[in-house]
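What follows is the content of input.cif (mmCIF, C-alpha atoms, pLDDT in the B column; chains and numbers go by the auth columns).
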```cif
data_final
#
loop_
_atom_site.group_PDB
_atom_site.id
_atom_site.type_symbol
_atom_site.label_atom_id
_atom_site.label_comp_id
_atom_site.label_asym_id
_atom_site.label_seq_id
_atom_site.Cartn_x
_atom_site.Cartn_y
_atom_site.Cartn_z
_atom_site.B_iso_or_equiv
_atom_site.auth_seq_id
_atom_site.auth_asym_id
ATOM 1 C CA MET A 1 0.000 0.000 0.000 29.00 1 A
ATOM 2 C CA LYS A 2 1.385 3.381 -0.954 33.00 2 A
ATOM 3 C CA ILE A 3 -0.212 6.614 0.160 32.00 3 A
ATOM 4 C CA LYS A 4 -0.331 9.459 -2.362 31.00 4 A
ATOM 5 C CA SER A 5 0.622 12.036 0.249 33.00 5 A
ATOM 6 C CA ALA A 6 3.224 9.900 2.040 34.00 6 A
ATOM 7 C CA GLY A 7 5.965 12.403 1.197 37.00 7 A
ATOM 8 C CA SER A 8 3.999 15.178 2.865 36.00 8 A
ATOM 9 C CA VAL A 9 3.276 13.055 5.922 37.00 9 A
ATOM 10 C CA MET A 10 6.880 11.997 6.381 39.00 10 A
ATOM 11 C CA ALA A 11 8.200 15.513 5.869 39.00 11 A
ATOM 12 C CA LEU A 12 5.909 16.517 8.716 42.00 12 A
ATOM 13 C CA ALA A 13 6.827 13.491 10.816 45.00 13 A
ATOM 14 C CA ALA A 14 10.574 13.807 10.258 45.00 14 A
ATOM 15 C CA ILE A 15 10.771 16.619 12.802 41.00 15 A
ATOM 16 C CA LEU A 16 8.112 15.164 15.065 44.00 16 A
ATOM 17 C CA THR A 17 9.107 11.599 15.689 38.00 17 A
ATOM 18 C CA ALA A 18 10.415 12.363 19.152 38.00 18 A
ATOM 19 C CA CYS A 19 7.103 11.868 20.901 37.00 19 A
ATOM 20 C CA GLY A 20 6.417 12.733 24.518 37.00 20 A
ATOM 21 C CA GLY A 21 5.929 10.351 27.392 38.00 21 A
ATOM 22 C CA SER A 22 8.496 10.312 30.135 37.00 22 A
ATOM 23 C CA SER A 23 8.144 7.921 33.039 35.00 23 A
ATOM 24 C CA HIS A 24 7.585 10.994 35.224 36.00 24 A
ATOM 25 C CA ASP A 25 3.921 11.442 36.226 39.00 25 A
ATOM 26 C CA PRO A 26 2.391 9.075 33.626 35.00 26 A
ATOM 27 C CA ALA A 27 -1.093 9.763 34.981 37.00 27 A
ATOM 28 C CA ALA A 28 -0.881 13.201 33.402 39.00 28 A
ATOM 29 C CA THR A 29 -0.819 11.642 29.924 38.00 29 A
ATOM 30 C CA ASN A 30 -3.541 9.006 30.187 37.00 30 A
ATOM 31 C CA GLY A 31 -6.559 11.265 29.965 38.00 31 A
ATOM 32 C CA ALA A 32 -6.496 12.887 33.408 43.00 32 A
ATOM 33 C CA ALA A 33 -5.913 16.624 33.609 49.00 33 A
ATOM 34 C CA ALA A 34 -2.310 17.433 34.447 49.00 34 A
ATOM 35 C CA SER A 35 -1.639 19.483 37.560 45.00 35 A
ATOM 36 C CA GLN A 36 0.500 22.598 37.638 51.00 36 A
ATOM 37 C CA PRO A 37 4.173 21.538 37.970 57.00 37 A
ATOM 38 C CA ALA A 38 5.527 22.137 41.467 67.00 38 A
ATOM 39 C CA THR A 39 8.492 23.926 39.906 85.00 39 A
ATOM 40 C CA GLN A 40 8.095 27.316 38.261 92.00 40 A
ATOM 41 C CA TYR A 41 10.406 26.938 35.280 95.00 41 A
ATOM 42 C CA ASP A 42 12.542 29.706 33.826 95.00 42 A
ATOM 43 C CA ALA A 43 10.765 30.917 30.681 96.00 43 A
ATOM 44 C CA SER A 44 13.843 32.770 29.419 98.00 44 A
ATOM 45 C CA THR A 45 15.572 29.589 28.175 97.00 45 A
ATOM 46 C CA LEU A 46 14.613 26.262 26.591 98.00 46 A
ATOM 47 C CA GLY A 47 14.957 23.957 29.590 96.00 47 A
ATOM 48 C CA ALA A 48 16.194 20.361 29.629 96.00 48 A
ATOM 49 C CA GLU A 49 12.956 19.371 31.422 95.00 49 A
ATOM 50 C CA CYS A 50 11.129 19.808 28.080 95.00 50 A
ATOM 51 C CA LEU A 51 13.671 17.817 26.042 94.00 51 A
ATOM 52 C CA VAL A 52 12.395 14.344 26.879 90.00 52 A
ATOM 53 C CA LEU A 53 12.390 11.097 24.892 88.00 53 A
ATOM 54 C CA PRO A 54 10.147 8.102 25.743 85.00 54 A
ATOM 55 C CA ALA A 55 11.736 5.407 27.882 86.00 55 A
ATOM 56 C CA ALA A 56 12.138 1.833 26.632 89.00 56 A
ATOM 57 C CA GLY A 57 8.760 0.107 26.415 87.00 57 A
ATOM 58 C CA GLN A 58 6.653 3.252 26.645 84.00 58 A
ATOM 59 C CA LYS A 59 4.119 3.493 23.834 80.00 59 A
ATOM 60 C CA LEU A 60 2.064 6.398 22.544 76.00 60 A
ATOM 61 C CA GLN A 61 -0.311 6.912 19.666 73.00 61 A
ATOM 62 C CA PHE A 62 -0.205 10.013 17.510 72.00 62 A
ATOM 63 C CA SER A 63 -2.942 11.228 15.197 71.00 63 A
ATOM 64 C CA MET A 64 -2.177 13.358 12.152 67.00 64 A
ATOM 65 C CA TYR A 65 -4.239 15.422 9.761 66.00 65 A
ATOM 66 C CA MET A 66 -2.961 16.648 6.393 64.00 66 A
ATOM 67 C CA ASN A 67 -5.012 18.992 4.197 66.00 67 A
ATOM 68 C CA ASP A 68 -3.447 17.492 1.087 60.00 68 A
ATOM 69 C CA VAL A 69 -5.611 16.631 -1.929 51.00 69 A
ATOM 70 C CA PRO A 70 -7.610 14.786 -0.795 57.00 70 A
ATOM 71 C CA ALA A 71 -7.453 15.685 2.900 59.00 71 A
ATOM 72 C CA SER A 72 -6.306 12.690 4.944 64.00 72 A
ATOM 73 C CA PHE A 73 -6.175 11.448 8.521 65.00 73 A
ATOM 74 C CA TYR A 74 -3.361 9.200 9.713 67.00 74 A
ATOM 75 C CA SER A 75 -2.335 7.556 12.952 70.00 75 A
ATOM 76 C CA ALA A 76 0.826 5.821 14.102 73.00 76 A
ATOM 77 C CA ASP A 77 2.131 4.095 17.215 78.00 77 A
ATOM 78 C CA PHE A 78 5.412 5.331 18.674 82.00 78 A
ATOM 79 C CA LYS A 79 7.340 3.078 21.065 86.00 79 A
ATOM 80 C CA GLY A 80 10.466 3.883 23.043 90.00 80 A
ATOM 81 C CA VAL A 81 13.275 1.413 22.338 91.00 81 A
ATOM 82 C CA GLY A 82 15.851 2.826 24.739 93.00 82 A
ATOM 83 C CA PRO A 83 19.617 2.934 24.067 95.00 83 A
ATOM 84 C CA MET A 84 20.664 1.726 20.604 95.00 84 A
ATOM 85 C CA SER A 85 24.002 1.477 18.822 95.00 85 A
ATOM 86 C CA PHE A 86 24.067 2.429 15.137 94.00 86 A
ATOM 87 C CA GLU A 87 27.166 2.660 12.946 94.00 87 A
ATOM 88 C CA GLY A 88 29.415 2.843 16.012 93.00 88 A
ATOM 89 C CA ALA A 89 27.499 5.584 17.877 94.00 89 A
ATOM 90 C CA ASP A 90 24.973 5.452 20.724 96.00 90 A
ATOM 91 C CA TYR A 91 21.454 6.879 20.481 96.00 91 A
ATOM 92 C CA GLN A 92 17.967 6.524 21.926 94.00 92 A
ATOM 93 C CA GLY A 93 15.556 4.763 19.593 93.00 93 A
ATOM 94 C CA ILE A 94 11.870 5.177 18.779 91.00 94 A
ATOM 95 C CA GLU A 95 9.941 2.637 16.696 89.00 95 A
ATOM 96 C CA ILE A 96 7.179 3.960 14.443 83.00 96 A
ATOM 97 C CA ASP A 97 4.507 1.420 13.483 78.00 97 A
ATOM 98 C CA ALA A 98 1.938 2.055 10.780 61.00 98 A
ATOM 99 C CA VAL A 99 -1.612 2.133 12.073 51.00 99 A
ATOM 100 C CA SER A 100 -3.481 3.846 9.254 48.00 100 A
ATOM 101 C CA GLY A 101 -1.897 5.053 6.032 46.00 101 A
ATOM 102 C CA PHE A 102 1.541 5.844 7.461 40.00 102 A
ATOM 103 C CA PHE A 103 4.191 4.523 5.062 39.00 103 A
ATOM 104 C CA TYR A 104 7.397 5.687 3.386 41.00 104 A
ATOM 105 C CA THR A 105 6.980 3.359 0.398 44.00 105 A
ATOM 106 C CA ALA A 106 4.938 0.334 -0.584 45.00 106 A
ATOM 107 C CA ASN A 107 7.282 -2.146 1.167 46.00 107 A
ATOM 108 C CA ASP A 108 8.025 -0.299 4.412 50.00 108 A
ATOM 109 C CA VAL A 109 6.349 -1.687 7.515 62.00 109 A
ATOM 110 C CA LYS A 110 8.199 0.015 10.370 79.00 110 A
ATOM 111 C CA GLN A 111 10.640 2.850 10.973 85.00 111 A
ATOM 112 C CA THR A 112 13.222 3.246 13.729 91.00 112 A
ATOM 113 C CA ALA A 113 14.305 6.838 14.361 90.00 113 A
ATOM 114 C CA LEU A 114 17.376 7.596 16.493 93.00 114 A
ATOM 115 C CA PHE A 115 17.835 10.684 18.655 94.00 115 A
ATOM 116 C CA LYS A 116 19.814 12.383 21.391 93.00 116 A
ATOM 117 C CA PRO A 117 17.807 14.014 24.208 91.00 117 A
ATOM 118 C CA GLU A 118 19.536 17.378 23.665 94.00 118 A
ATOM 119 C CA ALA A 119 17.454 17.879 20.493 93.00 119 A
ATOM 120 C CA PRO A 120 14.464 15.497 20.490 89.00 120 A
ATOM 121 C CA MET A 121 12.885 17.198 17.465 86.00 121 A
ATOM 122 C CA ILE A 122 15.825 16.335 15.158 90.00 122 A
ATOM 123 C CA PRO A 123 16.448 12.676 14.146 90.00 123 A
ATOM 124 C CA LEU A 124 20.148 11.797 13.864 94.00 124 A
ATOM 125 C CA ALA A 125 19.706 8.462 12.072 94.00 125 A
ATOM 126 C CA ALA A 126 16.932 6.169 10.866 91.00 126 A
ATOM 127 C CA ILE A 127 16.278 2.606 9.723 91.00 127 A
ATOM 128 C CA SER A 128 13.477 1.840 7.284 86.00 128 A
ATOM 129 C CA HIS A 129 12.408 -1.785 7.807 84.00 129 A
ATOM 130 C CA MET A 130 11.066 -3.570 4.740 78.00 130 A
ATOM 131 C CA ASP A 131 8.206 -6.064 4.665 73.00 131 A
ATOM 132 C CA PRO A 132 9.681 -9.545 5.381 72.00 132 A
ATOM 133 C CA GLY A 133 7.459 -10.881 2.607 72.00 133 A
ATOM 134 C CA THR A 134 9.450 -8.969 -0.013 73.00 134 A
ATOM 135 C CA THR A 135 13.032 -9.285 -1.230 76.00 135 A
ATOM 136 C CA ALA A 136 13.759 -5.634 -0.439 79.00 136 A
ATOM 137 C CA ASP A 137 16.590 -4.855 2.000 87.00 137 A
ATOM 138 C CA ASP A 138 16.285 -2.510 4.956 89.00 138 A
ATOM 139 C CA LYS A 139 17.471 1.045 4.324 90.00 139 A
ATOM 140 C CA ARG A 140 19.765 2.934 6.700 93.00 140 A
ATOM 141 C CA TYR A 141 20.247 6.683 7.039 93.00 141 A
ATOM 142 C CA ARG A 142 22.671 8.746 9.095 95.00 142 A
ATOM 143 C CA TYR A 143 22.639 12.536 9.361 94.00 143 A
ATOM 144 C CA THR A 144 25.529 14.827 10.233 95.00 144 A
ATOM 145 C CA PHE A 145 25.078 18.466 11.184 96.00 145 A
ATOM 146 C CA GLN A 146 27.137 21.584 10.577 97.00 146 A
ATOM 147 C CA ASP A 147 26.470 24.518 12.894 97.00 147 A
ATOM 148 C CA GLU A 148 26.006 27.451 10.529 95.00 148 A
ATOM 149 C CA ALA A 149 27.179 29.935 13.177 95.00 149 A
ATOM 150 C CA THR A 150 30.568 28.273 13.756 96.00 150 A
ATOM 151 C CA GLY A 151 31.030 26.091 10.671 97.00 151 A
ATOM 152 C CA LYS A 152 31.846 23.129 12.924 97.00 152 A
ATOM 153 C CA PHE A 153 30.261 19.677 12.652 97.00 153 A
ATOM 154 C CA VAL A 154 28.385 19.023 15.890 97.00 154 A
ATOM 155 C CA THR A 155 25.651 16.948 17.498 96.00 155 A
ATOM 156 C CA PRO A 156 22.544 19.191 17.615 96.00 156 A
ATOM 157 C CA ASP A 157 21.903 20.625 21.074 97.00 157 A
ATOM 158 C CA VAL A 158 19.196 23.208 21.806 96.00 158 A
ATOM 159 C CA THR A 159 19.386 22.980 25.606 97.00 159 A
ATOM 160 C CA GLY A 160 19.397 26.454 27.141 97.00 160 A
ATOM 161 C CA LEU A 161 18.487 28.245 23.902 97.00 161 A
ATOM 162 C CA PRO A 162 17.506 31.817 24.929 98.00 162 A
ATOM 163 C CA LEU A 163 14.053 33.265 24.280 98.00 163 A
ATOM 164 C CA ASN A 164 13.572 34.165 20.581 98.00 164 A
ATOM 165 C CA ALA A 165 17.053 32.880 19.726 98.00 165 A
ATOM 166 C CA SER A 166 17.660 30.398 16.895 97.00 166 A
ATOM 167 C CA ARG A 167 20.126 27.651 16.070 97.00 167 A
ATOM 168 C CA THR A 168 20.599 26.549 12.442 96.00 168 A
ATOM 169 C CA TYR A 169 22.239 23.375 11.174 96.00 169 A
ATOM 170 C CA ALA A 170 23.105 22.266 7.653 95.00 170 A
ATOM 171 C CA VAL A 171 22.091 18.597 7.361 94.00 171 A
ATOM 172 C CA TYR A 172 24.110 16.016 5.412 94.00 172 A
ATOM 173 C CA GLN A 173 22.672 12.576 4.682 93.00 173 A
ATOM 174 C CA GLU A 174 24.400 9.210 4.238 95.00 174 A
ATOM 175 C CA ARG A 175 22.469 6.209 2.898 94.00 175 A
ATOM 176 C CA GLY A 176 22.950 2.457 2.925 94.00 176 A
ATOM 177 C CA VAL A 177 20.923 -0.558 1.788 93.00 177 A
ATOM 178 C CA GLY A 178 21.171 -3.927 3.515 90.00 178 A
ATOM 179 C CA GLY A 179 24.710 -4.528 4.759 89.00 179 A
ATOM 180 C CA ALA A 180 26.353 -2.176 2.250 93.00 180 A
ATOM 181 C CA PRO A 181 28.498 0.687 3.609 94.00 181 A
ATOM 182 C CA LEU A 182 26.896 4.096 3.943 96.00 182 A
ATOM 183 C CA SER A 183 27.328 6.490 1.043 95.00 183 A
ATOM 184 C CA ALA A 184 29.364 9.689 1.183 96.00 184 A
ATOM 185 C CA PRO A 185 27.545 12.569 2.939 95.00 185 A
ATOM 186 C CA GLU A 186 25.317 14.661 0.685 93.00 186 A
ATOM 187 C CA LYS A 187 23.870 18.060 1.621 91.00 187 A
ATOM 188 C CA GLY A 188 20.121 17.723 2.015 86.00 188 A
ATOM 189 C CA THR A 189 18.507 20.563 3.940 89.00 189 A
ATOM 190 C CA ASP A 190 18.895 23.178 6.647 92.00 190 A
ATOM 191 C CA VAL A 191 16.996 22.985 9.925 92.00 191 A
ATOM 192 C CA THR A 192 16.464 25.954 12.247 94.00 192 A
ATOM 193 C CA VAL A 193 15.119 25.693 15.809 95.00 193 A
ATOM 194 C CA THR A 194 13.820 28.860 17.521 97.00 194 A
ATOM 195 C CA TYR A 195 12.657 29.007 21.148 98.00 195 A
ATOM 196 C CA LEU A 196 9.409 31.009 21.488 98.00 196 A
ATOM 197 C CA GLY A 197 8.777 30.804 25.245 98.00 197 A
ATOM 198 C CA ARG A 198 6.333 28.931 27.520 97.00 198 A
ATOM 199 C CA GLU A 199 2.601 28.288 27.169 96.00 199 A
ATOM 200 C CA ASP A 200 -0.080 26.268 28.930 95.00 200 A
ATOM 201 C CA ILE A 201 -1.660 23.943 26.363 92.00 201 A
ATOM 202 C CA THR A 202 -4.472 21.385 26.369 91.00 202 A
ATOM 203 C CA VAL A 203 -4.137 18.428 23.986 86.00 203 A
ATOM 204 C CA ARG A 204 -7.049 16.000 23.623 80.00 204 A
ATOM 205 C CA GLY A 205 -8.395 16.903 27.045 84.00 205 A
ATOM 206 C CA VAL A 206 -5.044 16.825 28.863 86.00 206 A
ATOM 207 C CA ALA A 207 -3.617 20.069 30.262 91.00 207 A
ATOM 208 C CA TYR A 208 0.152 20.573 30.097 91.00 208 A
ATOM 209 C CA ARG A 209 1.545 23.508 32.078 94.00 209 A
ATOM 210 C CA GLN A 210 4.541 25.651 31.107 96.00 210 A
ATOM 211 C CA ALA A 211 5.132 23.798 27.834 95.00 211 A
ATOM 212 C CA CYS A 212 8.149 24.958 25.848 97.00 212 A
ATOM 213 C CA LYS A 213 7.098 26.329 22.450 97.00 213 A
ATOM 214 C CA VAL A 214 9.549 26.030 19.566 96.00 214 A
ATOM 215 C CA ASP A 215 9.534 26.818 15.870 94.00 215 A
ATOM 216 C CA VAL A 216 11.253 24.265 13.606 91.00 216 A
ATOM 217 C CA ALA A 217 11.904 25.218 9.975 90.00 217 A
ATOM 218 C CA THR A 218 13.404 23.006 7.267 88.00 218 A
ATOM 219 C CA ASN A 219 14.705 24.401 3.991 85.00 219 A
ATOM 220 C CA GLY A 220 15.392 21.648 1.452 79.00 220 A
ATOM 221 C CA LYS A 221 15.928 21.570 -2.291 75.00 221 A
ATOM 222 C CA LEU A 222 12.393 20.381 -3.039 66.00 222 A
ATOM 223 C CA ARG A 223 10.398 21.000 0.136 71.00 223 A
ATOM 224 C CA GLN A 224 10.349 23.685 2.782 80.00 224 A
ATOM 225 C CA TYR A 225 8.354 23.116 5.962 82.00 225 A
ATOM 226 C CA ARG A 226 7.710 25.096 9.101 86.00 226 A
ATOM 227 C CA ALA A 227 6.327 23.660 12.328 86.00 227 A
ATOM 228 C CA THR A 228 5.417 24.864 15.801 90.00 228 A
ATOM 229 C CA ALA A 229 5.948 22.234 18.501 89.00 229 A
ATOM 230 C CA TRP A 230 4.936 22.222 22.160 91.00 230 A
ATOM 231 C CA LEU A 231 7.160 20.206 24.519 92.00 231 A
ATOM 232 C CA ALA A 232 5.725 19.699 27.998 92.00 232 A
ATOM 233 C CA PRO A 233 8.032 19.412 31.035 93.00 233 A
ATOM 234 C CA GLN A 234 8.805 15.739 31.764 89.00 234 A
ATOM 235 C CA HIS A 235 6.731 14.643 28.717 87.00 235 A
ATOM 236 C CA GLY A 236 8.429 16.017 25.597 87.00 236 A
ATOM 237 C CA ILE A 237 6.565 16.782 22.369 84.00 237 A
ATOM 238 C CA VAL A 238 2.776 16.676 22.809 85.00 238 A
ATOM 239 C CA LYS A 239 1.553 18.672 19.812 84.00 239 A
ATOM 240 C CA VAL A 240 2.836 19.991 16.484 83.00 240 A
ATOM 241 C CA GLU A 241 1.278 22.221 13.848 83.00 241 A
ATOM 242 C CA ALA A 242 3.087 22.293 10.499 77.00 242 A
ATOM 243 C CA ARG A 243 2.742 23.706 7.016 77.00 243 A
ATOM 244 C CA SER A 244 4.584 23.585 3.727 74.00 244 A
ATOM 245 C CA LEU A 245 6.131 26.862 2.586 73.00 245 A
ATOM 246 C CA ASN A 246 6.157 25.931 -1.099 69.00 246 A
ATOM 247 C CA LYS A 247 3.060 23.711 -1.434 67.00 247 A
ATOM 248 C CA PRO A 248 -0.572 24.141 -0.267 64.00 248 A
ATOM 249 C CA VAL A 249 -0.213 21.524 2.479 62.00 249 A
ATOM 250 C CA SER A 250 -0.511 21.890 6.241 62.00 250 A
ATOM 251 C CA GLY A 251 -1.348 19.598 9.123 64.00 251 A
ATOM 252 C CA TYR A 252 -1.118 18.826 12.792 62.00 252 A
ATOM 253 C CA LEU A 253 0.061 15.972 14.970 66.00 253 A
ATOM 254 C CA GLU A 254 -0.877 15.376 18.599 69.00 254 A
ATOM 255 C CA THR A 255 -0.443 12.612 21.135 68.00 255 A
ATOM 256 C CA SER A 256 -3.144 10.601 22.860 58.00 256 A
ATOM 257 C CA GLY A 257 -0.811 10.145 25.818 58.00 257 A
ATOM 258 C CA LEU A 258 0.657 6.899 27.075 55.00 258 A
ATOM 259 C CA ILE A 259 -1.320 3.823 26.034 54.00 259 A
ATOM 260 C CA SER A 260 1.115 1.469 27.754 48.00 260 A
ATOM 261 C CA ALA A 261 3.899 2.045 30.252 46.00 261 A
ATOM 262 C CA LYS A 262 7.174 0.218 30.727 45.00 262 A
#
```
So that I can check it, write out the structure of this file as structure tokens.
Amino acid sequence: MKIKSAGSVMALAAILTACGGSSHDPAATNGAAASQPATQYDASTLGAECLVLPAAGQKLQFSMYMNDVPASFYSADFKGVGPMSFEGADYQGIEIDAVSGFFYTANDVKQTALFKPEAPMIPLAAISHMDPGTTADDKRYRYTFQDEATGKFVTPDVTGLPLNASRTYAVYQERGVGGAPLSAPEKGTDVTVTYLGREDITVRGVAYRQACKVDVATNGKLRQYRATAWLAPQHGIVKVEARSLNKPVSGYLETSGLISAK
């Protein structure tokens, strides 16, 4: 099965796959209203308490809407894998399972996205798992990042980003199929993260207090997207609104909260 608007969905999901759901206060994500955090967080910087990845075994479901032609609804399960080694480096993994119309290509059945907690809105590597019933090999991707302010290659880190400040990275992609070595890095896009402050937000009946609000913009050769993401303290990303800057496509993604704990 191949979805006509899969490219649009994955461009949206590429900066969203770090879903919320820390092991801290899970009751706040299962449909009960969240209480005001005991700590009054500093709104002048993007705090580490918002930069959270799901722990191993934690599972969430995200719903997505894209106003493509035709307009489409999608859903996908996200599951924390925990620490993973990939091409000699250590990451935290998230598995993405198709639930309804969420595919890269006709043969893909699952994605694994790899992150560091210092920038949970930017995947550092990915594995596209093919349907075992086909002869297709899994595809592997690794991304390297050049800080456009310093020119140095770095691991993205937005911890402590000041209010209204931005950090921009040039993104280079390496690809591999099956057990073949990864290709040479190729410039793909730029990604800019801007911290916009704190907001209280309610997502599907759940209130999240003092959520960090960030703008994430990608500027690629073929597609340019801009998204606003809300990252709740101790939960991570709980909602995203995104739109294409060069095509008449927009959408949103939000979490239902934890549907299973560790």
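Using all atoms listed in the file, the nearest neighbour of Gln173 (chain A) within the list A:Pro54, A:Pro233, A:Gly197, A:Pro185 is A:Pro185.
Shortest atom-to-atom contact with Ser44 (chain A) among A:Leu196, A:Ala76, A:Ala125, A:Val158: A:Leu196, counting all atoms listed in the file.
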Identify all residues satisfying the PyMOL selection byres ((chain A and resi 77) around 6) in the given file; provide them as JSON, numbers by chain.
-> {"A": [60, 61, 76, 78, 96, 97]}
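Of note, CA of Ser63 (chain A) and CA of Gly160 (chain A) are spaced 29.6 Å apart.
Our summary of the geometry notes that CA of Lys139 (chain A) is positioned 9.9 Å from CA of Leu182 (chain A).
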